[in-house]
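Coordinates from entry_29.pdb are shown below (PDB, C-alpha atoms).
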MODEL        1
ATOM      1  CA  MET B  39      31.145   8.713  21.295
ATOM      2  CA  SER B  40      29.722  11.532  19.216
ATOM      3  CA  ASP B  41      28.609   9.229  16.392
ATOM      4  CA  LEU B  42      25.964   7.434  18.470
ATOM      5  CA  ILE B  43      22.618   8.259  16.951
ATOM      6  CA  ASN B  44      20.527   6.697  19.719
ATOM      7  CA  PHE B  45      21.037   9.708  21.950
ATOM      8  CA  ILE B  46      19.618  12.276  19.529
ATOM      9  CA  GLU B  47      16.521  13.867  21.001
ATOM     10  CA  LYS B  48      13.331  13.106  19.161
ATOM     11  CA  ASP B  49       9.886  14.451  19.855
ATOM     12  CA  PRO B  50       7.566  11.410  19.987
ATOM     13  CA  PHE B  51       4.543  13.576  19.251
ATOM     14  CA  ALA B  52       5.996  15.309  16.183
ATOM     15  CA  ASP B  53       4.570  14.425  12.779
ATOM     16  CA  GLU B  54       6.578  11.840  10.895
ATOM     17  CA  LYS B  55       7.547  12.508   7.307
ATOM     18  CA  ASP B  56       6.406   9.042   6.213
ATOM     19  CA  ASP B  57       3.074   8.798   7.980
ATOM     20  CA  ALA B  58       1.035   5.602   7.675
ATOM     21  CA  VAL B  59      -1.897   7.478   6.144
ATOM     22  CA  GLY B  60       0.231   9.955   4.238
ATOM     23  CA  PHE B  61       0.974   9.853   0.538
ATOM     24  CA  THR B  62       4.406   9.985  -1.062
ATOM     25  CA  PRO B  63       4.286  10.972  -4.748
ATOM     26  CA  GLY B  64       5.877   8.425  -7.064
ATOM     27  CA  LYS B  65       5.506   5.542  -4.608
ATOM     28  CA  VAL B  66       2.860   2.839  -4.515
ATOM     29  CA  HIS B  67       1.697   2.108  -0.973
ATOM     30  CA  ILE B  68       0.245  -1.324  -0.200
ATOM     31  CA  ARG B  69      -1.395  -1.515   3.218
ATOM     32  CA  VAL B  70      -3.414  -4.014   5.192
ATOM     33  CA  GLN B  71      -6.254  -2.786   7.393
ATOM     34  CA  GLN B  72      -7.945  -4.815  10.103
ATOM     35  CA  ARG B  73     -11.724  -5.178   9.867
ATOM     36  CA  ASN B  74     -13.794  -7.415  12.138
ATOM     37  CA  GLY B  75     -11.947 -10.091  14.089
ATOM     38  CA  ARG B  76      -9.666 -11.938  11.679
ATOM     39  CA  LYS B  77     -10.953 -10.152   8.570
ATOM     40  CA  CYS B  78      -8.746  -7.640   6.792
ATOM     41  CA  ILE B  79      -8.494  -5.743   3.518
ATOM     42  CA  THR B  80      -5.507  -4.760   1.402
ATOM     43  CA  THR B  81      -5.413  -1.251  -0.068
ATOM     44  CA  VAL B  82      -3.260  -0.115  -2.984
ATOM     45  CA  GLN B  83      -2.684   3.631  -3.292
ATOM     46  CA  GLY B  84      -0.489   5.708  -5.578
ATOM     47  CA  LEU B  85      -0.844   3.940  -8.908
ATOM     48  CA  SER B  86      -0.549   6.174 -11.944
ATOM     49  CA  GLU B  87      -3.756   7.896 -13.064
ATOM     50  CA  ASP B  88      -3.268   6.817 -16.698
ATOM     51  CA  LEU B  89      -3.558   3.115 -15.748
ATOM     52  CA  ASP B  90      -6.911   1.369 -16.042
ATOM     53  CA  LEU B  91      -7.424   0.398 -12.400
ATOM     54  CA  LYS B  92     -10.562  -1.619 -13.098
ATOM     55  CA  LYS B  93      -8.672  -3.918 -15.481
ATOM     56  CA  ILE B  94      -5.820  -4.278 -12.989
ATOM     57  CA  LEU B  95      -8.319  -5.143 -10.253
ATOM     58  CA  LYS B  96     -10.040  -7.666 -12.516
ATOM     59  CA  GLU B  97      -6.739  -9.491 -13.114
ATOM     60  CA  ILE B  98      -5.838  -9.419  -9.414
ATOM     61  CA  LYS B  99      -9.236 -10.843  -8.501
ATOM     62  CA  LYS B 100      -8.903 -13.587 -11.097
ATOM     63  CA  ASN B 101      -5.309 -14.515 -10.209
ATOM     64  CA  PHE B 102      -5.683 -14.539  -6.414
ATOM     65  CA  CYS B 103      -9.325 -15.679  -6.022
ATOM     66  CA  CYS B 104     -10.459 -12.685  -3.992
ATOM     67  CA  ASN B 105     -12.956  -9.845  -4.267
ATOM     68  CA  GLY B 106     -12.268  -6.125  -4.419
ATOM     69  CA  ASN B 107     -13.306  -2.719  -5.695
ATOM     70  CA  VAL B 108     -11.978   0.680  -6.764
ATOM     71  CA  VAL B 109     -12.749   3.578  -4.403
ATOM     72  CA  THR B 110     -12.276   7.259  -5.186
ATOM     73  CA  ASP B 111     -11.457   9.466  -2.202
ATOM     74  CA  PRO B 112     -11.340  13.269  -2.548
ATOM     75  CA  GLU B 113      -8.174  13.557  -0.419
ATOM     76  CA  LEU B 114      -6.274  10.344  -1.199
ATOM     77  CA  GLY B 115      -7.281   9.795  -4.821
ATOM     78  CA  THR B 116      -8.158   6.445  -6.328
ATOM     79  CA  ILE B 117      -7.588   3.406  -4.120
ATOM     80  CA  ILE B 118      -7.894  -0.306  -4.894
ATOM     81  CA  GLN B 119      -9.360  -2.368  -2.042
ATOM     82  CA  ILE B 120      -8.860  -6.137  -2.041
ATOM     83  CA  GLN B 121     -10.329  -8.718   0.302
ATOM     84  CA  GLY B 122      -7.813 -10.440   2.603
ATOM     85  CA  ASP B 123      -4.107  -9.924   3.213
ATOM     86  CA  GLN B 124      -2.802  -9.865  -0.357
ATOM     87  CA  ARG B 125       0.195  -7.518   0.122
ATOM     88  CA  ASP B 126       2.882  -9.864  -1.187
ATOM     89  CA  ASN B 127       0.706 -11.143  -4.034
ATOM     90  CA  VAL B 128      -0.189  -7.637  -5.197
ATOM     91  CA  ARG B 129       3.414  -6.433  -5.022
ATOM     92  CA  LYS B 130       4.620  -9.415  -7.041
ATOM     93  CA  PHE B 131       1.810  -8.934  -9.576
ATOM     94  CA  LEU B 132       2.490  -5.207 -10.073
ATOM     95  CA  VAL B 133       6.245  -5.738 -10.457
ATOM     96  CA  ASP B 134       5.918  -8.795 -12.752
ATOM     97  CA  GLU B 135       3.461  -6.997 -15.042
ATOM     98  CA  GLY B 136       5.817  -4.012 -15.276
ATOM     99  CA  LEU B 137       3.298  -1.547 -13.867
ATOM    100  CA  VAL B 138       5.659  -0.265 -11.145
ATOM    101  CA  ASP B 139       9.321  -0.538 -10.245
ATOM    102  CA  LYS B 140      10.168  -2.757  -7.268
ATOM    103  CA  LYS B 141      11.949   0.129  -5.523
ATOM    104  CA  ASN B 142       8.792   2.273  -5.774
ATOM    105  CA  VAL B 143       6.565  -0.202  -3.915
ATOM    106  CA  GLN B 144       6.247   0.255  -0.162
ATOM    107  CA  LEU B 145       4.526  -2.323   2.060
ATOM    108  CA  HIS B 146       2.814  -1.287   5.291
ATOM    109  CA  GLY B 147       1.063  -3.295   7.975
ATOM    110  CA  PHE B 148       1.700  -5.807  10.675
TER     111      PHE B 148
ENDMDL
END
Starting from the coordinates I provided, produce the structure as structure tokens.
Amino acid sequence: MSDLINFIEKDPFADEKDDAVGFTPGKVHIRVQQRNGRKCITTVQGLSEDLDLKKILKEIKKNFCCNGNVVTDPELGTIIQIQGDQRDNVRKFLVDEGLVDKKNVQLHGF
């Protein structure tokens, strides 16, 4: 009976270690964010600073027929924003091109 983990008390208002807006060093976070109605954008955060993000974005836009841009945030760093829900496509692209390891990619969203 003592090995049941469901009965461990947990504060529902405590901060989680892996927050949805947080940043884990060494991991690439791919999120989808809802816009207006059915519209959404995909954000890619945590790519290495020595990579040319504009060239990566150009290839993603060409391969998946979507639009996007590179945004620099003072707190979160450089983020790639892509039009539509492209989470699986972007993950496959980054892994196939050898830019990140599959175990270092984390998908978020619905």
Could you give me, as a PDB file with C-alpha atoms, keeping the file's coordinate frame, the residues within 10 Å of range 108-119 of chain B, counting only C-alpha atoms and dropping anything in the same chain fewer than 4 positions from it?
ATOM      1  CA  VAL B  59      -1.897   7.478   6.144  1.00  0.00           C
ATOM      2  CA  GLY B  60       0.231   9.955   4.238  1.00  0.00           C
ATOM      3  CA  PHE B  61       0.974   9.853   0.538  1.00  0.00           C
ATOM      4  CA  HIS B  67       1.697   2.108  -0.973  1.00  0.00           C
ATOM      5  CA  ILE B  68       0.245  -1.324  -0.200  1.00  0.00           C
ATOM      6  CA  ARG B  69      -1.395  -1.515   3.218  1.00  0.00           C
ATOM      7  CA  VAL B  70      -3.414  -4.014   5.192  1.00  0.00           C
ATOM      8  CA  GLN B  71      -6.254  -2.786   7.393  1.00  0.00           C
ATOM      9  CA  ILE B  79      -8.494  -5.743   3.518  1.00  0.00           C
ATOM     10  CA  THR B  80      -5.507  -4.760   1.402  1.00  0.00           C
ATOM     11  CA  THR B  81      -5.413  -1.251  -0.068  1.00  0.00           C
ATOM     12  CA  VAL B  82      -3.260  -0.115  -2.984  1.00  0.00           C
ATOM     13  CA  GLN B  83      -2.684   3.631  -3.292  1.00  0.00           C
ATOM     14  CA  GLY B  84      -0.489   5.708  -5.578  1.00  0.00           C
ATOM     15  CA  LEU B  85      -0.844   3.940  -8.908  1.00  0.00           C
ATOM     16  CA  SER B  86      -0.549   6.174 -11.944  1.00  0.00           C
ATOM     17  CA  GLU B  87      -3.756   7.896 -13.064  1.00  0.00           C
ATOM     18  CA  LEU B  91      -7.424   0.398 -12.400  1.00  0.00           C
ATOM     19  CA  LYS B  92     -10.562  -1.619 -13.098  1.00  0.00           C
ATOM     20  CA  ILE B  94      -5.820  -4.278 -12.989  1.00  0.00           C
ATOM     21  CA  LEU B  95      -8.319  -5.143 -10.253  1.00  0.00           C
TER      22      LEU B  95
END
> So which one's closest to Arg129 in chain B, B:Gln72, B:Gln144, B:Asn107, B:Asn101? Using all atoms listed in the file, please.
Replying inline: B:Gln144
> Looking at B:Lys140, B:Lys93, B:Lys130, B:Arg76, which one is nearest to Gly106 in chain B, with distances taken over all atoms listed in the file?
Replying inline: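 Smallest distance to Gly106 in chain B is found for B:Lys93.
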> Rounded to one decimal in Å, what is the spacing between CA of Asn142 in chain B and CA of Asn105 in chain B?
Replying inline: 24.9 Å
> What does the distance between CA of His146 in chain B and CA of Val133 in chain B come to in Å, to one decimal place?
Replying inline: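 Those two atoms sit 16.7 Å apart.
CA of Cys103 in chain B sits 11.2 Å away from CA of Asn127 in chain B.
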> In terms of the shortest atom-to-atom distance over all atoms listed in the file, which of B:Gly64, B:Gly75, B:Gly136, B:Cys104 is closest to Gln121 in chain B?
Replying inline: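 Of all the options, B:Cys104 lies closest to Gln121 in chain B.
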Take range 70-99 of chain B from the block and save it with N, CA, C and O atoms, as a PDB file, in the first residue's frame.
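For reference, out-v5.pdb as written:
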ATOM      1  N   VAL B  70       2.237  25.299 -29.886  1.00  0.00           N
ATOM      2  CA  VAL B  70       1.198  25.875 -30.736  1.00  0.00           C
ATOM      3  C   VAL B  70       0.405  26.836 -29.859  1.00  0.00           C
ATOM      4  O   VAL B  70       0.116  26.550 -28.705  1.00  0.00           O
ATOM      5  N   GLN B  71       0.114  28.013 -30.415  1.00  0.00           N
ATOM      6  CA  GLN B  71      -0.648  29.023 -29.689  1.00  0.00           C
ATOM      7  C   GLN B  71      -1.864  29.403 -30.507  1.00  0.00           C
ATOM      8  O   GLN B  71      -1.758  29.652 -31.707  1.00  0.00           O
ATOM      9  N   GLN B  72      -3.010  29.437 -29.843  1.00  0.00           N
ATOM     10  CA  GLN B  72      -4.262  29.799 -30.498  1.00  0.00           C
ATOM     11  C   GLN B  72      -4.309  31.298 -30.758  1.00  0.00           C
ATOM     12  O   GLN B  72      -3.948  32.087 -29.905  1.00  0.00           O
ATOM     13  N   ARG B  73      -4.754  31.680 -31.944  1.00  0.00           N
ATOM     14  CA  ARG B  73      -4.952  33.090 -32.278  1.00  0.00           C
ATOM     15  C   ARG B  73      -6.441  33.385 -32.333  1.00  0.00           C
ATOM     16  O   ARG B  73      -7.127  33.219 -31.352  1.00  0.00           O
ATOM     17  N   ASN B  74      -6.936  33.789 -33.451  1.00  0.00           N
ATOM     18  CA  ASN B  74      -8.360  34.115 -33.611  1.00  0.00           C
ATOM     19  C   ASN B  74      -9.111  32.921 -34.194  1.00  0.00           C
ATOM     20  O   ASN B  74      -8.765  32.442 -35.263  1.00  0.00           O
ATOM     21  N   GLY B  75     -10.131  32.471 -33.503  1.00  0.00           N
ATOM     22  CA  GLY B  75     -10.957  31.382 -34.023  1.00  0.00           C
ATOM     23  C   GLY B  75     -10.161  30.116 -34.250  1.00  0.00           C
ATOM     24  O   GLY B  75      -9.635  29.522 -33.328  1.00  0.00           O
ATOM     25  N   ARG B  76     -10.051  29.701 -35.518  1.00  0.00           N
ATOM     26  CA  ARG B  76      -9.331  28.484 -35.862  1.00  0.00           C
ATOM     27  C   ARG B  76      -7.870  28.739 -36.196  1.00  0.00           C
ATOM     28  O   ARG B  76      -7.138  27.806 -36.530  1.00  0.00           O
ATOM     29  N   LYS B  77      -7.434  29.969 -36.168  1.00  0.00           N
ATOM     30  CA  LYS B  77      -6.056  30.313 -36.532  1.00  0.00           C
ATOM     31  C   LYS B  77      -5.104  30.003 -35.376  1.00  0.00           C
ATOM     32  O   LYS B  77      -5.439  30.189 -34.213  1.00  0.00           O
ATOM     33  N   CYS B  78      -3.912  29.541 -35.711  1.00  0.00           N
ATOM     34  CA  CYS B  78      -2.914  29.287 -34.682  1.00  0.00           C
ATOM     35  C   CYS B  78      -1.520  29.486 -35.267  1.00  0.00           C
ATOM     36  O   CYS B  78      -1.342  29.534 -36.482  1.00  0.00           O
ATOM     37  N   ILE B  79      -0.542  29.633 -34.376  1.00  0.00           N
ATOM     38  CA  ILE B  79       0.847  29.754 -34.789  1.00  0.00           C
ATOM     39  C   ILE B  79       1.669  28.723 -34.028  1.00  0.00           C
ATOM     40  O   ILE B  79       1.322  28.315 -32.924  1.00  0.00           O
ATOM     41  N   THR B  80       2.762  28.303 -34.639  1.00  0.00           N
ATOM     42  CA  THR B  80       3.701  27.381 -34.018  1.00  0.00           C
ATOM     43  C   THR B  80       4.946  28.170 -33.662  1.00  0.00           C
ATOM     44  O   THR B  80       5.452  28.940 -34.481  1.00  0.00           O
ATOM     45  N   THR B  81       5.431  28.013 -32.428  1.00  0.00           N
ATOM     46  CA  THR B  81       6.650  28.698 -32.005  1.00  0.00           C
ATOM     47  C   THR B  81       7.719  27.662 -31.693  1.00  0.00           C
ATOM     48  O   THR B  81       7.440  26.604 -31.146  1.00  0.00           O
ATOM     49  N   VAL B  82       8.953  27.987 -32.077  1.00  0.00           N
ATOM     50  CA  VAL B  82      10.105  27.129 -31.828  1.00  0.00           C
ATOM     51  C   VAL B  82      11.084  27.932 -30.986  1.00  0.00           C
ATOM     52  O   VAL B  82      11.537  29.001 -31.398  1.00  0.00           O
ATOM     53  N   GLN B  83      11.397  27.426 -29.805  1.00  0.00           N
ATOM     54  CA  GLN B  83      12.260  28.133 -28.861  1.00  0.00           C
ATOM     55  C   GLN B  83      13.346  27.191 -28.371  1.00  0.00           C
ATOM     56  O   GLN B  83      13.107  26.002 -28.167  1.00  0.00           O
ATOM     57  N   GLY B  84      14.548  27.708 -28.202  1.00  0.00           N
ATOM     58  CA  GLY B  84      15.628  26.927 -27.614  1.00  0.00           C
ATOM     59  C   GLY B  84      16.643  26.416 -28.605  1.00  0.00           C
ATOM     60  O   GLY B  84      17.511  25.629 -28.231  1.00  0.00           O
ATOM     61  N   LEU B  85      16.560  26.846 -29.866  1.00  0.00           N
ATOM     62  CA  LEU B  85      17.580  26.442 -30.823  1.00  0.00           C
ATOM     63  C   LEU B  85      18.896  27.128 -30.484  1.00  0.00           C
ATOM     64  O   LEU B  85      18.914  28.220 -29.913  1.00  0.00           O
ATOM     65  N   SER B  86      19.981  26.496 -30.844  1.00  0.00           N
ATOM     66  CA  SER B  86      21.306  27.014 -30.531  1.00  0.00           C
ATOM     67  C   SER B  86      21.523  28.387 -31.158  1.00  0.00           C
ATOM     68  O   SER B  86      21.058  28.655 -32.276  1.00  0.00           O
ATOM     69  N   GLU B  87      22.239  29.247 -30.451  1.00  0.00           N
ATOM     70  CA  GLU B  87      22.476  30.615 -30.932  1.00  0.00           C
ATOM     71  C   GLU B  87      23.406  30.655 -32.139  1.00  0.00           C
ATOM     72  O   GLU B  87      23.391  31.610 -32.906  1.00  0.00           O
ATOM     73  N   ASP B  88      24.242  29.619 -32.327  1.00  0.00           N
ATOM     74  CA  ASP B  88      25.178  29.637 -33.452  1.00  0.00           C
ATOM     75  C   ASP B  88      24.531  29.204 -34.769  1.00  0.00           C
ATOM     76  O   ASP B  88      25.160  29.290 -35.816  1.00  0.00           O
ATOM     77  N   LEU B  89      23.269  28.759 -34.732  1.00  0.00           N
ATOM     78  CA  LEU B  89      22.546  28.405 -35.953  1.00  0.00           C
ATOM     79  C   LEU B  89      21.998  29.656 -36.618  1.00  0.00           C
ATOM     80  O   LEU B  89      21.647  30.633 -35.954  1.00  0.00           O
ATOM     81  N   ASP B  90      21.918  29.628 -37.939  1.00  0.00           N
ATOM     82  CA  ASP B  90      21.330  30.738 -38.684  1.00  0.00           C
ATOM     83  C   ASP B  90      19.821  30.506 -38.770  1.00  0.00           C
ATOM     84  O   ASP B  90      19.341  29.753 -39.615  1.00  0.00           O
ATOM     85  N   LEU B  91      19.086  31.143 -37.866  1.00  0.00           N
ATOM     86  CA  LEU B  91      17.643  30.898 -37.763  1.00  0.00           C
ATOM     87  C   LEU B  91      16.882  31.380 -38.988  1.00  0.00           C
ATOM     88  O   LEU B  91      15.853  30.802 -39.346  1.00  0.00           O
ATOM     89  N   LYS B  92      17.385  32.417 -39.641  1.00  0.00           N
ATOM     90  CA  LYS B  92      16.686  32.914 -40.834  1.00  0.00           C
ATOM     91  C   LYS B  92      16.761  31.900 -41.974  1.00  0.00           C
ATOM     92  O   LYS B  92      15.793  31.729 -42.712  1.00  0.00           O
ATOM     93  N   LYS B  93      17.891  31.216 -42.114  1.00  0.00           N
ATOM     94  CA  LYS B  93      17.999  30.187 -43.152  1.00  0.00           C
ATOM     95  C   LYS B  93      17.130  28.977 -42.817  1.00  0.00           C
ATOM     96  O   LYS B  93      16.510  28.385 -43.701  1.00  0.00           O
ATOM     97  N   ILE B  94      17.090  28.614 -41.545  1.00  0.00           N
ATOM     98  CA  ILE B  94      16.230  27.503 -41.119  1.00  0.00           C
ATOM     99  C   ILE B  94      14.775  27.840 -41.406  1.00  0.00           C
ATOM    100  O   ILE B  94      14.017  27.029 -41.942  1.00  0.00           O
ATOM    101  N   LEU B  95      14.373  29.063 -41.059  1.00  0.00           N
ATOM    102  CA  LEU B  95      12.994  29.494 -41.303  1.00  0.00           C
ATOM    103  C   LEU B  95      12.678  29.499 -42.799  1.00  0.00           C
ATOM    104  O   LEU B  95      11.589  29.089 -43.208  1.00  0.00           O
ATOM    105  N   LYS B  96      13.628  29.934 -43.601  1.00  0.00           N
ATOM    106  CA  LYS B  96      13.410  29.971 -45.050  1.00  0.00           C
ATOM    107  C   LYS B  96      13.142  28.568 -45.593  1.00  0.00           C
ATOM    108  O   LYS B  96      12.241  28.368 -46.415  1.00  0.00           O
ATOM    109  N   GLU B  97      13.895  27.580 -45.131  1.00  0.00           N
ATOM    110  CA  GLU B  97      13.684  26.198 -45.574  1.00  0.00           C
ATOM    111  C   GLU B  97      12.350  25.642 -45.075  1.00  0.00           C
ATOM    112  O   GLU B  97      11.663  24.929 -45.810  1.00  0.00           O
ATOM    113  N   ILE B  98      11.998  25.963 -43.830  1.00  0.00           N
ATOM    114  CA  ILE B  98      10.712  25.499 -43.296  1.00  0.00           C
ATOM    115  C   ILE B  98       9.564  26.092 -44.104  1.00  0.00           C
ATOM    116  O   ILE B  98       8.610  25.387 -44.463  1.00  0.00           O
ATOM    117  N   LYS B  99       9.654  27.374 -44.401  1.00  0.00           N
ATOM    118  CA  LYS B  99       8.604  28.034 -45.176  1.00  0.00           C
ATOM    119  C   LYS B  99       8.471  27.421 -46.573  1.00  0.00           C
ATOM    120  O   LYS B  99       7.370  27.218 -47.072  1.00  0.00           O
TER     121      LYS B  99
END
